[in-house]
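Shown here: structure.cif, mmCIF, C-alpha atoms.
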data_query
loop_
_atom_site.label_atom_id
_atom_site.label_comp_id
_atom_site.auth_asym_id
_atom_site.auth_seq_id
_atom_site.Cartn_x
_atom_site.Cartn_y
_atom_site.Cartn_z
CA MET B 1 23.24 -7.51 16.42
CA ILE B 2 20.54 -5.10 15.20
CA THR B 3 18.05 -7.95 15.46
CA ASN B 4 18.14 -7.59 19.26
CA ILE B 5 16.63 -4.10 19.12
CA LEU B 6 14.12 -4.58 16.28
CA PRO B 7 11.16 -4.57 18.71
CA LEU B 8 12.22 -1.05 19.80
CA LEU B 9 12.24 0.39 16.29
CA ARG B 10 9.45 1.58 14.04
CA CYS B 11 9.35 2.86 10.49
CA PRO B 12 9.76 6.65 10.40
CA LEU B 13 7.33 6.85 7.47
CA CYS B 14 4.39 4.72 8.60
CA GLY B 15 5.17 3.67 12.17
CA GLY B 16 5.15 -0.02 11.27
CA ALA B 17 7.26 -2.68 12.94
CA PHE B 18 10.43 -3.88 11.25
CA SER B 19 11.69 -7.30 10.35
CA LYS B 20 15.19 -8.07 9.10
CA LYS B 21 15.41 -9.36 5.55
CA GLU B 22 18.98 -10.18 4.58
CA ASN B 23 20.86 -6.89 5.12
CA SER B 24 17.83 -4.60 5.31
CA LEU B 25 15.09 -3.55 7.69
CA VAL B 26 11.66 -3.85 6.10
CA CYS B 27 8.47 -2.55 7.68
CA GLU B 28 4.96 -3.92 7.34
CA LYS B 29 4.31 -1.54 4.41
CA ARG B 30 7.58 -2.62 2.75
CA HIS B 31 9.54 0.56 3.38
CA THR B 32 13.12 -0.66 3.25
CA TYR B 33 16.29 0.63 4.89
CA ASP B 34 19.67 -0.99 4.33
CA VAL B 35 22.06 -1.80 7.13
CA ALA B 36 25.38 -0.22 6.13
CA ARG B 37 28.59 -2.20 6.18
CA GLN B 38 29.62 -0.20 9.28
CA GLY B 39 26.46 -1.36 11.07
CA TYR B 40 24.34 1.80 11.10
CA VAL B 41 21.02 2.39 9.33
CA ASN B 42 20.15 5.55 7.43
CA PHE B 43 16.48 6.41 8.02
CA VAL B 44 16.78 9.62 5.95
CA PRO B 45 18.08 8.44 2.56
CA GLY B 46 18.45 11.15 -0.06
CA GLN B 47 18.86 13.94 2.49
CA LYS B 48 20.51 17.15 1.34
CA GLU B 49 24.09 17.94 2.30
CA MET B 50 24.40 18.71 5.98
CA PHE B 51 25.59 21.95 7.53
CA TYR B 52 27.78 19.88 9.86
CA LYS B 53 30.62 18.28 7.93
CA LYS B 54 32.59 15.09 8.53
CA GLU B 55 35.67 17.14 9.49
CA LEU B 56 33.77 18.78 12.35
CA PHE B 57 32.90 15.42 13.88
CA GLU B 58 36.41 14.05 13.38
CA SER B 59 38.01 17.06 15.11
CA ARG B 60 35.40 17.01 17.88
CA ALA B 61 36.14 13.30 18.42
CA LYS B 62 39.78 14.23 19.06
CA VAL B 63 38.71 16.72 21.73
CA PHE B 64 36.54 14.06 23.38
CA GLU B 65 39.35 11.48 23.21
CA ALA B 66 41.66 13.97 24.95
CA GLY B 67 39.33 13.82 27.96
CA VAL B 68 38.14 17.43 27.87
CA TYR B 69 34.52 16.37 28.44
CA ALA B 70 35.22 13.49 30.84
CA PRO B 71 33.80 15.54 33.76
CA VAL B 72 30.52 15.94 31.85
CA VAL B 73 30.37 12.18 31.25
CA ALA B 74 31.02 11.60 34.95
CA ARG B 75 28.19 13.93 36.04
CA VAL B 76 25.72 12.55 33.50
CA SER B 77 26.69 9.01 34.53
CA GLU B 78 26.15 9.92 38.17
CA ALA B 79 22.64 11.24 37.42
CA ILE B 80 21.75 8.17 35.37
CA GLY B 81 23.02 5.89 38.13
CA ARG B 82 20.90 7.74 40.66
CA PHE B 83 17.66 7.86 38.66
CA ALA B 84 17.70 4.86 36.29
CA LYS B 85 16.39 2.04 38.46
CA LYS B 86 15.39 -0.40 35.73
CA GLU B 87 17.73 -3.28 35.01
CA ASN B 88 19.28 -3.02 31.52
CA PRO B 89 17.61 0.32 30.63
CA VAL B 90 17.30 1.64 27.07
CA LEU B 91 19.34 4.80 26.52
CA LEU B 92 18.51 7.03 23.55
CA ASP B 93 21.02 9.73 22.62
CA ALA B 94 19.14 12.25 20.45
CA GLY B 95 21.67 14.10 18.33
CA CYS B 96 24.47 11.70 19.22
CA GLY B 97 27.03 13.13 16.79
CA GLU B 98 30.07 10.87 16.77
CA GLY B 99 28.64 8.87 19.67
CA TYR B 100 30.88 9.99 22.52
CA TYR B 101 28.16 10.20 25.16
CA THR B 102 26.26 7.19 23.83
CA LYS B 103 29.33 5.03 24.28
CA ASN B 104 30.74 6.51 27.50
CA VAL B 105 28.02 7.39 29.98
CA CYS B 106 27.68 4.65 32.59
CA ASP B 107 30.15 2.55 30.63
CA GLN B 108 30.06 -0.13 33.33
CA MET B 109 26.26 -0.34 33.41
CA ALA B 110 24.45 -2.91 31.28
CA MET B 111 22.10 -1.02 28.99
CA THR B 112 20.85 -0.91 25.43
CA ARG B 113 22.55 2.11 23.84
CA ILE B 114 20.99 3.78 20.80
CA GLY B 115 22.17 6.98 19.12
CA PHE B 116 20.42 9.05 16.46
CA ASP B 117 21.79 11.96 14.47
CA LEU B 118 20.71 13.62 11.25
CA SER B 119 24.28 13.60 9.97
CA LYS B 120 25.17 10.38 8.21
CA ASP B 121 28.86 11.31 8.52
CA ALA B 122 28.54 11.56 12.30
CA VAL B 123 26.65 8.28 12.56
CA ARG B 124 29.17 6.52 10.33
CA LEU B 125 31.96 7.73 12.63
CA ALA B 126 30.01 6.67 15.75
CA ALA B 127 29.35 3.19 14.39
CA ARG B 128 32.94 2.50 13.36
CA GLY B 129 34.21 -0.52 15.30
CA GLN B 130 31.26 -0.32 17.66
CA GLU B 131 29.41 -3.33 18.98
CA ALA B 132 28.10 -2.04 22.31
CA ALA B 133 25.78 0.59 20.77
CA HIS B 134 23.48 1.03 17.78
CA PHE B 135 23.57 4.14 15.61
CA PHE B 136 21.08 5.51 13.13
CA ALA B 137 20.81 8.51 10.85
CA ALA B 138 17.36 9.91 11.56
CA ASP B 139 15.42 13.13 11.81
CA LEU B 140 14.77 13.95 15.47
CA LYS B 141 11.27 15.08 14.51
CA ARG B 142 10.56 11.46 13.52
CA ILE B 143 12.68 9.28 15.77
CA PRO B 144 11.96 5.72 14.66
CA MET B 145 11.41 4.28 18.13
CA GLN B 146 8.31 2.62 19.51
CA ASP B 147 6.36 4.56 22.13
CA HIS B 148 7.28 4.11 25.80
CA CYS B 149 10.43 2.05 25.19
CA VAL B 150 13.14 4.54 26.24
CA ASP B 151 14.26 4.77 29.86
CA ILE B 152 17.04 7.37 29.51
CA LEU B 153 17.02 10.24 27.02
CA LEU B 154 20.21 12.19 26.39
CA ASP B 155 20.24 15.44 24.43
CA ILE B 156 23.65 17.02 24.88
CA PHE B 157 24.71 19.89 22.60
CA THR B 158 21.82 19.25 20.20
CA PRO B 159 19.91 22.37 19.30
CA CYS B 160 16.29 21.76 20.18
CA ARG B 161 13.66 23.47 18.08
CA ARG B 162 10.44 24.55 19.73
CA ASP B 163 8.34 22.51 17.28
CA PHE B 164 10.29 19.38 18.27
CA LEU B 165 8.94 19.39 21.82
#
Starting from the file, give its structure as structure tokens.
Amino acid sequence: MITNILPLLRCPLCGGAFSKKENSLVCEKRHTYDVARQGYVNFVPGQKEMFYKKELFESRAKVFEAGVYAPVVARVSEAIGRFAKKENPVLLDAGCGEGYYTKNVCDQMAMTRIGFDLSKDAVRLAARGQEAAHFFAADLKRIPMQDHCVDILLDIFTPCRRDFL
């Protein structure tokens, strides 16, 4: 399934295009990233332990599943429906956490859904049993996406540093 979005991705180290070789993404300069069994790709291998722990994302997922943030999803979906005019737009959720918004905004609209988070634990949780979206562990300062390929950018609850903009 990741093969469908390969043209949208680029190597976070050199900016090169990827090809799929067996169960890995390999760029033109041979930087290699494995596709995990759960379907996500870690573009920040060897990262230090995260401040945000797996338990945080699991408990937050329970809050989301209880419908507490359903009104937020509805309002974001409404805005996307009003402004996203392209057929099958590409949605990028920067700081997707466990993937709640990536999976649920405009859930009836055909779109390519991609979520990035620095936390591998969060991305692993987001990717579990997921086929309608793609999830990646990545540094938001080096999002591995080609230029001008994203139609909808979500950044909900993600602290944004001034040097990121």
Exercise for review: Apply the PyMOL selection byres ((chain B and resi 83-85) around 12) to the structure shown and report the selected residues as number ranges by chain.
Suggested key: B: 76-82, 86-91, 106, 109-111, 150-153
Write the residues you've just listed into a file as a PDB file, in the frame of the given file, and include C-alpha atoms for each of them.
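See again-v4.pdb below for the written result:
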ATOM      1  CA  VAL B  76      25.720  12.550  33.500  1.00  0.00           C
ATOM      2  CA  SER B  77      26.690   9.010  34.530  1.00  0.00           C
ATOM      3  CA  GLU B  78      26.150   9.920  38.170  1.00  0.00           C
ATOM      4  CA  ALA B  79      22.640  11.240  37.420  1.00  0.00           C
ATOM      5  CA  ILE B  80      21.750   8.170  35.370  1.00  0.00           C
ATOM      6  CA  GLY B  81      23.020   5.890  38.130  1.00  0.00           C
ATOM      7  CA  ARG B  82      20.900   7.740  40.660  1.00  0.00           C
ATOM      8  CA  LYS B  86      15.390  -0.400  35.730  1.00  0.00           C
ATOM      9  CA  GLU B  87      17.730  -3.280  35.010  1.00  0.00           C
ATOM     10  CA  ASN B  88      19.280  -3.020  31.520  1.00  0.00           C
ATOM     11  CA  PRO B  89      17.610   0.320  30.630  1.00  0.00           C
ATOM     12  CA  VAL B  90      17.300   1.640  27.070  1.00  0.00           C
ATOM     13  CA  LEU B  91      19.340   4.800  26.520  1.00  0.00           C
ATOM     14  CA  CYS B 106      27.680   4.650  32.590  1.00  0.00           C
ATOM     15  CA  MET B 109      26.260  -0.340  33.410  1.00  0.00           C
ATOM     16  CA  ALA B 110      24.450  -2.910  31.280  1.00  0.00           C
ATOM     17  CA  MET B 111      22.100  -1.020  28.990  1.00  0.00           C
ATOM     18  CA  VAL B 150      13.140   4.540  26.240  1.00  0.00           C
ATOM     19  CA  ASP B 151      14.260   4.770  29.860  1.00  0.00           C
ATOM     20  CA  ILE B 152      17.040   7.370  29.510  1.00  0.00           C
ATOM     21  CA  LEU B 153      17.020  10.240  27.020  1.00  0.00           C
TER      22      LEU B 153
END
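Counting only C-alpha atoms, Pro12 of chain B has the following residues at most 10 Å away, ignoring those fewer than 6 positions along the same chain: B:Cys27, B:His31, B:Phe43, B:Val44, B:Ala138, B:Asp139, B:Lys141, B:Arg142, B:Ile143, B:Pro144, B:Met145.
Atom CA of Arg30 of chain B is found 10.2 Å from atom CA of Ala17 of chain B.
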Practice item. Excluding Arg113 of chain B and any residue of its chain fewer than 5 positions from it, enumerate the residues within 12 Å of it, using all atoms listed in the file, and give them as number ranges by chain. Key: B: 2, 4-5, 8, 88-94, 96, 99-107, 126-127, 130-136, 150-154
Review point. Neighbours of Leu140 of chain B within 9 Å (all atoms listed in the file; same-chain residues fewer than 4 positions away dropped), as a count of residues only?
Key: 7
Revision key, fill the gap. With distances taken over all atoms listed in the file, the candidate from B:Arg10, B:Lys21, B:Lys29, B:Lys120 nearest Ala137 of chain B is B:Lys120
Point to revise | For atom CA of Lys54 of chain B and atom CA of Gln38 of chain B, the interatomic separation in Å (one decimal) | key: 15.6 Å
Revision key, fill the gap. note - atom CA of Phe64 of chain B and atom CA of Val123 of chain B are separated by 15.8 Å
